[in-house]
>>> print(open('entry05.pdb').read())   # PDB, C-alpha atoms, pLDDT in the B column
MODEL        1
ATOM      1  CA  MET A  19      45.459-105.111  20.508  1.00 57.00           C
ATOM      2  CA  SER A  20      46.783-104.196  23.934  1.00 61.00           C
ATOM      3  CA  ASN A  21      44.628-102.770  26.686  1.00 60.00           C
ATOM      4  CA  VAL A  22      46.793 -99.576  26.784  1.00 57.00           C
ATOM      5  CA  SER A  23      46.259 -98.968  23.050  1.00 62.00           C
ATOM      6  CA  VAL A  24      42.469 -99.262  23.402  1.00 57.00           C
ATOM      7  CA  GLN A  25      42.512 -96.879  26.367  1.00 61.00           C
ATOM      8  CA  LYS A  26      44.566 -94.319  24.393  1.00 58.00           C
ATOM      9  CA  ARG A  27      42.158 -94.470  21.446  1.00 59.00           C
ATOM     10  CA  PHE A  28      39.178 -94.139  23.762  1.00 52.00           C
ATOM     11  CA  PHE A  29      40.760 -91.145  25.517  1.00 48.00           C
ATOM     12  CA  ILE A  30      41.624 -89.407  22.217  1.00 54.00           C
ATOM     13  CA  GLY A  31      38.102 -90.016  20.938  1.00 48.00           C
ATOM     14  CA  LEU A  32      36.603 -88.672  24.156  1.00 47.00           C
ATOM     15  CA  VAL A  33      38.770 -85.527  24.021  1.00 42.00           C
ATOM     16  CA  SER A  34      37.818 -84.985  20.360  1.00 46.00           C
ATOM     17  CA  VAL A  35      34.103 -85.258  21.104  1.00 44.00           C
ATOM     18  CA  ALA A  36      34.438 -82.881  24.072  1.00 43.00           C
ATOM     19  CA  ALA A  37      36.333 -80.327  21.960  1.00 45.00           C
ATOM     20  CA  LEU A  38      33.720 -80.487  19.204  1.00 44.00           C
ATOM     21  CA  ALA A  39      30.874 -80.115  21.716  1.00 46.00           C
ATOM     22  CA  THR A  40      32.586 -77.091  23.282  1.00 45.00           C
ATOM     23  CA  MET A  41      33.128 -75.457  19.901  1.00 47.00           C
ATOM     24  CA  LEU A  42      29.538 -76.000  18.808  1.00 48.00           C
ATOM     25  CA  ALA A  43      28.157 -74.594  22.059  1.00 49.00           C
ATOM     26  CA  SER A  44      30.418 -71.528  22.188  1.00 46.00           C
ATOM     27  CA  PRO A  45      28.869 -68.078  21.555  1.00 49.00           C
ATOM     28  CA  ALA A  46      31.506 -67.240  18.932  1.00 44.00           C
ATOM     29  CA  TRP A  47      30.453 -70.225  16.835  1.00 41.00           C
ATOM     30  CA  LEU A  48      26.776 -69.300  17.158  1.00 42.00           C
ATOM     31  CA  GLN A  49      27.493 -65.662  16.326  1.00 43.00           C
ATOM     32  CA  ALA A  50      29.471 -66.643  13.247  1.00 44.00           C
ATOM     33  CA  GLU A  51      26.519 -68.770  12.146  1.00 43.00           C
ATOM     34  CA  GLU A  52      24.154 -65.833  12.804  1.00 44.00           C
ATOM     35  CA  SER A  53      26.315 -63.483  10.687  1.00 52.00           C
ATOM     36  CA  ALA A  54      26.455 -66.070   7.932  1.00 54.00           C
ATOM     37  CA  ALA A  55      22.662 -66.356   8.008  1.00 56.00           C
ATOM     38  CA  THR A  56      22.223 -62.608   7.454  1.00 67.00           C
ATOM     39  CA  GLY A  57      24.966 -62.574   4.848  1.00 80.00           C
ATOM     40  CA  LYS A  58      26.574 -59.550   6.495  1.00 94.00           C
ATOM     41  CA  VAL A  59      29.877 -59.088   8.243  1.00 96.00           C
ATOM     42  CA  LYS A  60      29.339 -57.290  11.571  1.00 98.00           C
ATOM     43  CA  VAL A  61      32.114 -54.881  12.559  1.00 98.00           C
ATOM     44  CA  LEU A  62      32.526 -52.461  15.454  1.00 98.00           C
ATOM     45  CA  TYR A  63      35.007 -49.576  15.272  1.00 98.00           C
ATOM     46  CA  HIS A  64      35.926 -47.896  18.567  1.00 98.00           C
ATOM     47  CA  VAL A  65      37.319 -44.346  18.794  1.00 98.00           C
ATOM     48  CA  ASP A  66      38.005 -42.759  22.188  1.00 98.00           C
ATOM     49  CA  GLY A  67      41.172 -40.654  21.882  1.00 97.00           C
ATOM     50  CA  LYS A  68      41.621 -36.985  21.037  1.00 96.00           C
ATOM     51  CA  ASP A  69      44.110 -37.501  18.193  1.00 98.00           C
ATOM     52  CA  PRO A  70      42.434 -36.291  14.967  1.00 98.00           C
ATOM     53  CA  ASP A  71      44.773 -38.409  12.836  1.00 98.00           C
ATOM     54  CA  VAL A  72      43.558 -41.589  14.556  1.00 98.00           C
ATOM     55  CA  ALA A  73      39.920 -40.587  14.012  1.00 98.00           C
ATOM     56  CA  LYS A  74      40.590 -39.798  10.336  1.00 98.00           C
ATOM     57  CA  TYR A  75      42.401 -43.115   9.971  1.00 98.00           C
ATOM     58  CA  ALA A  76      39.482 -44.970  11.583  1.00 98.00           C
ATOM     59  CA  LEU A  77      37.026 -43.391   9.150  1.00 98.00           C
ATOM     60  CA  ALA A  78      39.292 -44.124   6.189  1.00 98.00           C
ATOM     61  CA  LEU A  79      39.386 -47.771   7.330  1.00 98.00           C
ATOM     62  CA  ILE A  80      35.604 -47.847   7.692  1.00 98.00           C
ATOM     63  CA  ASN A  81      35.110 -46.502   4.160  1.00 98.00           C
ATOM     64  CA  LYS A  82      37.647 -48.959   2.730  1.00 98.00           C
ATOM     65  CA  HIS A  83      36.152 -51.824   4.710  1.00 98.00           C
ATOM     66  CA  ILE A  84      32.630 -51.157   3.411  1.00 98.00           C
ATOM     67  CA  ASP A  85      33.972 -51.038  -0.147  1.00 97.00           C
ATOM     68  CA  ALA A  86      36.111 -54.154   0.344  1.00 97.00           C
ATOM     69  CA  GLU A  87      33.124 -56.184   1.542  1.00 97.00           C
ATOM     70  CA  GLY A  88      31.155 -55.194  -1.564  1.00 96.00           C
ATOM     71  CA  GLY A  89      29.037 -52.354  -0.192  1.00 96.00           C
ATOM     72  CA  PRO A  90      26.632 -51.639   2.646  1.00 95.00           C
ATOM     73  CA  ASP A  91      24.397 -54.616   1.867  1.00 95.00           C
ATOM     74  CA  LYS A  92      27.314 -56.932   2.748  1.00 97.00           C
ATOM     75  CA  ILE A  93      28.503 -55.316   5.995  1.00 97.00           C
ATOM     76  CA  ASP A  94      26.994 -53.844   9.149  1.00 97.00           C
ATOM     77  CA  VAL A  95      29.392 -51.248  10.582  1.00 98.00           C
ATOM     78  CA  GLU A  96      28.998 -49.626  13.995  1.00 98.00           C
ATOM     79  CA  LEU A  97      31.171 -46.758  15.218  1.00 98.00           C
ATOM     80  CA  VAL A  98      31.141 -46.058  18.953  1.00 98.00           C
ATOM     81  CA  VAL A  99      32.793 -42.807  20.059  1.00 98.00           C
ATOM     82  CA  HIS A 100      33.362 -41.676  23.634  1.00 98.00           C
ATOM     83  CA  GLY A 101      35.667 -39.759  25.928  1.00 98.00           C
ATOM     84  CA  PRO A 102      37.979 -37.083  24.511  1.00 98.00           C
ATOM     85  CA  ALA A 103      37.145 -38.182  20.948  1.00 98.00           C
ATOM     86  CA  LEU A 104      33.769 -36.465  21.344  1.00 98.00           C
ATOM     87  CA  THR A 105      35.413 -33.063  20.799  1.00 98.00           C
ATOM     88  CA  LEU A 106      36.674 -34.184  17.380  1.00 98.00           C
ATOM     89  CA  PHE A 107      33.092 -34.644  16.199  1.00 98.00           C
ATOM     90  CA  GLU A 108      31.630 -31.313  17.350  1.00 98.00           C
ATOM     91  CA  GLN A 109      29.936 -29.728  14.311  1.00 96.00           C
ATOM     92  CA  ASP A 110      31.588 -26.309  14.619  1.00 95.00           C
ATOM     93  CA  LYS A 111      35.094 -27.672  15.342  1.00 95.00           C
ATOM     94  CA  MET A 112      35.292 -30.697  13.058  1.00 97.00           C
ATOM     95  CA  ASP A 113      38.376 -31.092  10.878  1.00 98.00           C
ATOM     96  CA  PRO A 114      37.290 -30.799   7.200  1.00 98.00           C
ATOM     97  CA  GLU A 115      38.956 -34.088   6.191  1.00 98.00           C
ATOM     98  CA  LEU A 116      37.423 -35.905   9.172  1.00 98.00           C
ATOM     99  CA  LYS A 117      33.996 -34.487   8.272  1.00 98.00           C
ATOM    100  CA  LYS A 118      34.379 -35.582   4.644  1.00 98.00           C
ATOM    101  CA  ARG A 119      35.310 -39.145   5.659  1.00 98.00           C
ATOM    102  CA  PHE A 120      32.558 -39.291   8.274  1.00 98.00           C
ATOM    103  CA  ASP A 121      29.892 -38.069   5.818  1.00 98.00           C
ATOM    104  CA  GLN A 122      31.062 -40.617   3.224  1.00 98.00           C
ATOM    105  CA  ALA A 123      30.817 -43.427   5.770  1.00 98.00           C
ATOM    106  CA  ILE A 124      27.336 -42.329   6.874  1.00 98.00           C
ATOM    107  CA  GLU A 125      26.227 -42.313   3.219  1.00 98.00           C
ATOM    108  CA  LYS A 126      27.555 -45.883   2.928  1.00 97.00           C
ATOM    109  CA  GLY A 127      25.462 -47.067   5.873  1.00 97.00           C
ATOM    110  CA  LEU A 128      27.683 -46.489   8.926  1.00 98.00           C
ATOM    111  CA  HIS A 129      25.734 -46.441  12.194  1.00 98.00           C
ATOM    112  CA  ALA A 130      27.538 -43.974  14.482  1.00 98.00           C
ATOM    113  CA  GLU A 131      26.870 -43.734  18.214  1.00 98.00           C
ATOM    114  CA  MET A 132      28.105 -41.103  20.667  1.00 98.00           C
ATOM    115  CA  CYS A 133      28.397 -41.968  24.351  1.00 98.00           C
ATOM    116  CA  GLN A 134      25.635 -40.437  26.476  1.00 98.00           C
ATOM    117  CA  ILE A 135      27.900 -40.077  29.515  1.00 97.00           C
ATOM    118  CA  SER A 136      30.614 -38.347  27.454  1.00 98.00           C
ATOM    119  CA  MET A 137      28.065 -35.871  26.086  1.00 98.00           C
ATOM    120  CA  LYS A 138      27.067 -35.027  29.678  1.00 98.00           C
ATOM    121  CA  LEU A 139      30.671 -34.786  30.905  1.00 98.00           C
ATOM    122  CA  TYR A 140      31.693 -32.537  27.992  1.00 97.00           C
ATOM    123  CA  GLY A 141      28.467 -30.519  28.114  1.00 98.00           C
ATOM    124  CA  THR A 142      27.817 -31.241  24.453  1.00 98.00           C
ATOM    125  CA  PRO A 143      24.305 -32.245  23.401  1.00 98.00           C
ATOM    126  CA  LEU A 144      23.728 -34.527  20.437  1.00 97.00           C
ATOM    127  CA  GLU A 145      22.520 -31.538  18.394  1.00 98.00           C
ATOM    128  CA  LYS A 146      26.066 -30.101  18.478  1.00 98.00           C
ATOM    129  CA  ILE A 147      27.657 -33.369  17.307  1.00 98.00           C
ATOM    130  CA  ALA A 148      28.127 -34.149  13.599  1.00 98.00           C
ATOM    131  CA  LYS A 149      24.890 -35.070  11.869  1.00 97.00           C
ATOM    132  CA  GLY A 150      24.629 -38.819  11.582  1.00 98.00           C
ATOM    133  CA  PHE A 151      25.367 -39.642  15.218  1.00 98.00           C
ATOM    134  CA  VAL A 152      22.799 -41.052  17.601  1.00 98.00           C
ATOM    135  CA  ALA A 153      23.170 -41.471  21.353  1.00 97.00           C
ATOM    136  CA  THR A 154      24.486 -44.876  22.428  1.00 95.00           C
ATOM    137  CA  LEU A 155      21.735 -47.373  23.220  1.00 93.00           C
ATOM    138  CA  HIS A 156      23.282 -47.781  26.673  1.00 93.00           C
ATOM    139  CA  PRO A 157      24.422 -44.610  28.491  1.00 95.00           C
ATOM    140  CA  VAL A 158      27.909 -46.060  29.032  1.00 96.00           C
ATOM    141  CA  ALA A 159      29.832 -46.566  25.767  1.00 97.00           C
ATOM    142  CA  VAL A 160      31.982 -49.420  27.030  1.00 97.00           C
ATOM    143  CA  LYS A 161      28.831 -51.343  27.962  1.00 97.00           C
ATOM    144  CA  ARG A 162      27.493 -50.712  24.452  1.00 97.00           C
ATOM    145  CA  ILE A 163      30.779 -51.971  23.002  1.00 98.00           C
ATOM    146  CA  ALA A 164      30.569 -55.137  25.106  1.00 97.00           C
ATOM    147  CA  ASP A 165      26.945 -55.671  24.036  1.00 97.00           C
ATOM    148  CA  LEU A 166      27.876 -55.366  20.351  1.00 98.00           C
ATOM    149  CA  GLN A 167      30.710 -57.849  20.811  1.00 97.00           C
ATOM    150  CA  GLN A 168      28.268 -60.283  22.431  1.00 97.00           C
ATOM    151  CA  GLN A 169      26.067 -59.844  19.356  1.00 96.00           C
ATOM    152  CA  GLY A 170      28.936 -61.043  17.180  1.00 97.00           C
ATOM    153  CA  TYR A 171      30.509 -57.761  16.069  1.00 98.00           C
ATOM    154  CA  ILE A 172      34.209 -57.969  15.299  1.00 97.00           C
ATOM    155  CA  TYR A 173      36.049 -55.348  17.378  1.00 98.00           C
ATOM    156  CA  ILE A 174      38.504 -52.963  15.701  1.00 98.00           C
ATOM    157  CA  LYS A 175      40.282 -50.124  17.501  1.00 97.00           C
ATOM    158  CA  PRO A 176      42.571 -48.158  15.175  1.00 96.00           C
TER     159      PRO A 176
ENDMDL
END
>>> encode(input="entry05.pdb", output="structure tokens")
Amino acid sequence: MSNVSVQKRFFIGLVSVAALATMLASPAWLQAEESAATGKVKVLYHVDGKDPDVAKYALALINKHIDAEGGPDKIDVELVVHGPALTLFEQDKMDPELKKRFDQAIEKGLHAEMCQISMKLYGTPLEKIAKGFVATLHPVAVKRIADLQQQGYIYIKP
């Protein structure tokens, strides 16, 4: 066997080992393992626009997604709302179809969070937002979204 052939095999083997080590050490791999250990798919839906059709679509997707996974014991769904989308979820202004879809999703285990900063900017306290929302764990919604992604949540923005 020639010296060049041995060097090529060694190099390919070294690259393969390095790729495997990188994959095993990556957060995405660890997060996938963590989700598999809990038996639940972790999904984050993000709504920030003022278009009611997009919000209704997002909630329809959430309801279908929960059903498709086999119910709330198989999926952990987070909804983070901020910016102009806040006005769509005000109790006294909420579109009836949006409210119906939101209530269904809450009943199926959806965890819905409203941005603290958006509530301040729009002068809308949590008490005036649709029942089922809680304030985001971090005051800034985009930080909360990033935190959830670091925790292994799959990001979906309809």
>>> resolve_selection(input="entry05.pdb", expression="the PyMOL selection byres ((chain A and resi 118) around 12)", output="list in words")
Ala73, Lys74, Leu77, Ala78, Asn81, Phe107, Met112, Asp113, Pro114, Glu115, Leu116, Lys117, Arg119, Phe120, Asp121, Gln122, Ala123, Ile124, Glu125, Ala148 and Lys149 of chain A
>>> closest_atom_pairs(input="entry05.pdb", of="region 64-90 of chain A", to="region 95-98 of chain A", cutoff="9 Å", atoms="all atoms listed in the file", output="Markdown table")
| residue | atom | partner | partner_atom | distance |
| --- | --- | --- | --- | --- |
| A:His64 | CA | A:Val98 | CA | 5.1 |
| A:Val65 | CA | A:Val98 | CA | 6.4 |
| A:Asp66 | CA | A:Val98 | CA | 8.3 |
| A:Ile80 | CA | A:Val95 | CA | 7.6 |
| A:His83 | CA | A:Val95 | CA | 9.0 |
| A:Ile84 | CA | A:Val95 | CA | 7.9 |
| A:Pro90 | CA | A:Val95 | CA | 8.4 |
>>> atom_distance(input="entry05.pdb", atom1="CA of Leu62 (chain A)", atom2="CA of Met137 (chain A)")
20.2 Å
>>> residues_around(input="entry05.pdb", residues="Pro176 (chain A)", least_positions_apart="2", cutoff="8 Å", atoms="only C-alpha atoms", output="mmCIF file with C-alpha atoms, in the coordinates of the input")
data_model
loop_
_atom_site.group_PDB
_atom_site.id
_atom_site.type_symbol
_atom_site.label_atom_id
_atom_site.label_comp_id
_atom_site.auth_asym_id
_atom_site.auth_seq_id
_atom_site.Cartn_x
_atom_site.Cartn_y
_atom_site.Cartn_z
ATOM 1 C CA TYR A 63 35.007 -49.576 15.272
ATOM 2 C CA HIS A 64 35.926 -47.896 18.567
ATOM 3 C CA VAL A 65 37.319 -44.346 18.794
ATOM 4 C CA VAL A 72 43.558 -41.589 14.556
ATOM 5 C CA TYR A 75 42.401 -43.115 9.971
ATOM 6 C CA ALA A 76 39.482 -44.970 11.583
ATOM 7 C CA ILE A 174 38.504 -52.963 15.701
#
>>> atom_distance(input="entry05.pdb", atom1="CA of Gly170 (chain A)", atom2="CA of Lys60 (chain A)")
6.8 Å
>>> atom_distance(input="entry05.pdb", atom1="CA of Leu166 (chain A)", atom2="CA of Val99 (chain A)")
13.5 Å
>>> closest_residue(input="entry05.pdb", among="A:Lys146, A:His100, A:Lys175, A:Lys138", to="Val160 (chain A)", atoms="all atoms listed in the file")
A:His100
>>> closest_residue(input="entry05.pdb", among="A:Lys92, A:Gly101, A:Glu108, A:Ala164", to="Ile135 (chain A)", atoms="all atoms listed in the file")
A:Gly101
>>> build_atoms(input="entry05.pdb", residues="region 137-166 of chain A", atoms="N, CA and C atoms", output="PDB file, in the frame of the given file")
ATOM      1  N   MET A 137      28.766 -37.111  26.456  1.00 98.00           N
ATOM      2  CA  MET A 137      28.065 -35.871  26.086  1.00 98.00           C
ATOM      3  C   MET A 137      27.738 -35.057  27.331  1.00 98.00           C
ATOM      4  N   LYS A 138      27.348 -35.731  28.418  1.00 98.00           N
ATOM      5  CA  LYS A 138      27.067 -35.027  29.678  1.00 98.00           C
ATOM      6  C   LYS A 138      28.344 -34.443  30.263  1.00 98.00           C
ATOM      7  N   LEU A 139      29.406 -35.249  30.316  1.00 98.00           N
ATOM      8  CA  LEU A 139      30.671 -34.786  30.905  1.00 98.00           C
ATOM      9  C   LEU A 139      31.267 -33.602  30.151  1.00 98.00           C
ATOM     10  N   TYR A 140      31.132 -33.603  28.815  1.00 97.00           N
ATOM     11  CA  TYR A 140      31.693 -32.537  27.992  1.00 97.00           C
ATOM     12  C   TYR A 140      30.684 -31.422  27.738  1.00 97.00           C
ATOM     13  N   GLY A 141      29.486 -31.548  28.286  1.00 98.00           N
ATOM     14  CA  GLY A 141      28.467 -30.519  28.114  1.00 98.00           C
ATOM     15  C   GLY A 141      28.104 -30.279  26.657  1.00 98.00           C
ATOM     16  N   THR A 142      28.070 -31.346  25.884  1.00 98.00           N
ATOM     17  CA  THR A 142      27.817 -31.241  24.453  1.00 98.00           C
ATOM     18  C   THR A 142      26.602 -32.097  24.092  1.00 98.00           C
ATOM     19  N   PRO A 143      25.479 -31.466  23.792  1.00 98.00           N
ATOM     20  CA  PRO A 143      24.305 -32.245  23.401  1.00 98.00           C
ATOM     21  C   PRO A 143      24.462 -32.841  22.006  1.00 98.00           C
ATOM     22  N   LEU A 144      23.675 -33.839  21.725  1.00 97.00           N
ATOM     23  CA  LEU A 144      23.728 -34.527  20.437  1.00 97.00           C
ATOM     24  C   LEU A 144      23.553 -33.554  19.266  1.00 97.00           C
ATOM     25  N   GLU A 145      22.772 -32.517  19.450  1.00 98.00           N
ATOM     26  CA  GLU A 145      22.520 -31.538  18.394  1.00 98.00           C
ATOM     27  C   GLU A 145      23.784 -30.801  17.953  1.00 98.00           C
ATOM     28  N   LYS A 146      24.809 -30.780  18.815  1.00 98.00           N
ATOM     29  CA  LYS A 146      26.066 -30.101  18.478  1.00 98.00           C
ATOM     30  C   LYS A 146      27.119 -31.061  17.915  1.00 98.00           C
ATOM     31  N   ILE A 147      26.762 -32.339  17.849  1.00 98.00           N
ATOM     32  CA  ILE A 147      27.657 -33.369  17.307  1.00 98.00           C
ATOM     33  C   ILE A 147      27.345 -33.518  15.814  1.00 98.00           C
ATOM     34  N   ALA A 148      28.308 -33.969  15.043  1.00 98.00           N
ATOM     35  CA  ALA A 148      28.127 -34.149  13.599  1.00 98.00           C
ATOM     36  C   ALA A 148      26.828 -34.890  13.292  1.00 98.00           C
ATOM     37  N   LYS A 149      26.129 -34.412  12.286  1.00 97.00           N
ATOM     38  CA  LYS A 149      24.890 -35.070  11.869  1.00 97.00           C
ATOM     39  C   LYS A 149      25.208 -36.492  11.413  1.00 97.00           C
ATOM     40  N   GLY A 150      24.402 -37.409  11.877  1.00 98.00           N
ATOM     41  CA  GLY A 150      24.629 -38.819  11.582  1.00 98.00           C
ATOM     42  C   GLY A 150      24.832 -39.623  12.847  1.00 98.00           C
ATOM     43  N   PHE A 151      25.202 -38.949  13.935  1.00 98.00           N
ATOM     44  CA  PHE A 151      25.367 -39.642  15.218  1.00 98.00           C
ATOM     45  C   PHE A 151      24.017 -39.794  15.911  1.00 98.00           C
ATOM     46  N   VAL A 152      23.891 -40.865  16.659  1.00 98.00           N
ATOM     47  CA  VAL A 152      22.799 -41.052  17.601  1.00 98.00           C
ATOM     48  C   VAL A 152      23.445 -41.325  18.961  1.00 98.00           C
ATOM     49  N   ALA A 153      22.659 -41.155  20.016  1.00 97.00           N
ATOM     50  CA  ALA A 153      23.170 -41.471  21.353  1.00 97.00           C
ATOM     51  C   ALA A 153      23.296 -42.984  21.488  1.00 97.00           C
ATOM     52  N   THR A 154      24.311 -43.439  22.218  1.00 95.00           N
ATOM     53  CA  THR A 154      24.486 -44.876  22.428  1.00 95.00           C
ATOM     54  C   THR A 154      23.223 -45.471  23.049  1.00 95.00           C
ATOM     55  N   LEU A 155      22.917 -46.707  22.675  1.00 93.00           N
ATOM     56  CA  LEU A 155      21.735 -47.373  23.220  1.00 93.00           C
ATOM     57  C   LEU A 155      21.836 -47.544  24.729  1.00 93.00           C
ATOM     58  N   HIS A 156      23.037 -47.724  25.229  1.00 93.00           N
ATOM     59  CA  HIS A 156      23.282 -47.781  26.673  1.00 93.00           C
ATOM     60  C   HIS A 156      24.051 -46.515  27.034  1.00 93.00           C
ATOM     61  N   PRO A 157      23.730 -45.868  28.150  1.00 95.00           N
ATOM     62  CA  PRO A 157      24.422 -44.610  28.491  1.00 95.00           C
ATOM     63  C   PRO A 157      25.946 -44.707  28.534  1.00 95.00           C
ATOM     64  N   VAL A 158      26.465 -45.869  28.902  1.00 96.00           N
ATOM     65  CA  VAL A 158      27.909 -46.060  29.032  1.00 96.00           C
ATOM     66  C   VAL A 158      28.438 -46.738  27.760  1.00 96.00           C
ATOM     67  N   ALA A 159      29.333 -46.064  27.056  1.00 97.00           N
ATOM     68  CA  ALA A 159      29.832 -46.566  25.767  1.00 97.00           C
ATOM     69  C   ALA A 159      30.506 -47.923  25.881  1.00 97.00           C
ATOM     70  N   VAL A 160      31.283 -48.140  26.929  1.00 97.00           N
ATOM     71  CA  VAL A 160      31.982 -49.420  27.030  1.00 97.00           C
ATOM     72  C   VAL A 160      30.999 -50.577  27.219  1.00 97.00           C
ATOM     73  N   LYS A 161      29.880 -50.323  27.852  1.00 97.00           N
ATOM     74  CA  LYS A 161      28.831 -51.343  27.962  1.00 97.00           C
ATOM     75  C   LYS A 161      28.239 -51.608  26.581  1.00 97.00           C
ATOM     76  N   ARG A 162      28.023 -50.547  25.814  1.00 97.00           N
ATOM     77  CA  ARG A 162      27.493 -50.712  24.452  1.00 97.00           C
ATOM     78  C   ARG A 162      28.470 -51.526  23.599  1.00 97.00           C
ATOM     79  N   ILE A 163      29.752 -51.241  23.748  1.00 98.00           N
ATOM     80  CA  ILE A 163      30.779 -51.971  23.002  1.00 98.00           C
ATOM     81  C   ILE A 163      30.736 -53.457  23.370  1.00 98.00           C
ATOM     82  N   ALA A 164      30.636 -53.744  24.660  1.00 97.00           N
ATOM     83  CA  ALA A 164      30.569 -55.137  25.106  1.00 97.00           C
ATOM     84  C   ALA A 164      29.311 -55.821  24.559  1.00 97.00           C
ATOM     85  N   ASP A 165      28.188 -55.105  24.565  1.00 97.00           N
ATOM     86  CA  ASP A 165      26.945 -55.671  24.036  1.00 97.00           C
ATOM     87  C   ASP A 165      27.087 -56.017  22.553  1.00 97.00           C
ATOM     88  N   LEU A 166      27.688 -55.113  21.790  1.00 98.00           N
ATOM     89  CA  LEU A 166      27.876 -55.366  20.351  1.00 98.00           C
ATOM     90  C   LEU A 166      28.790 -56.569  20.121  1.00 98.00           C
TER      91      LEU A 166
END
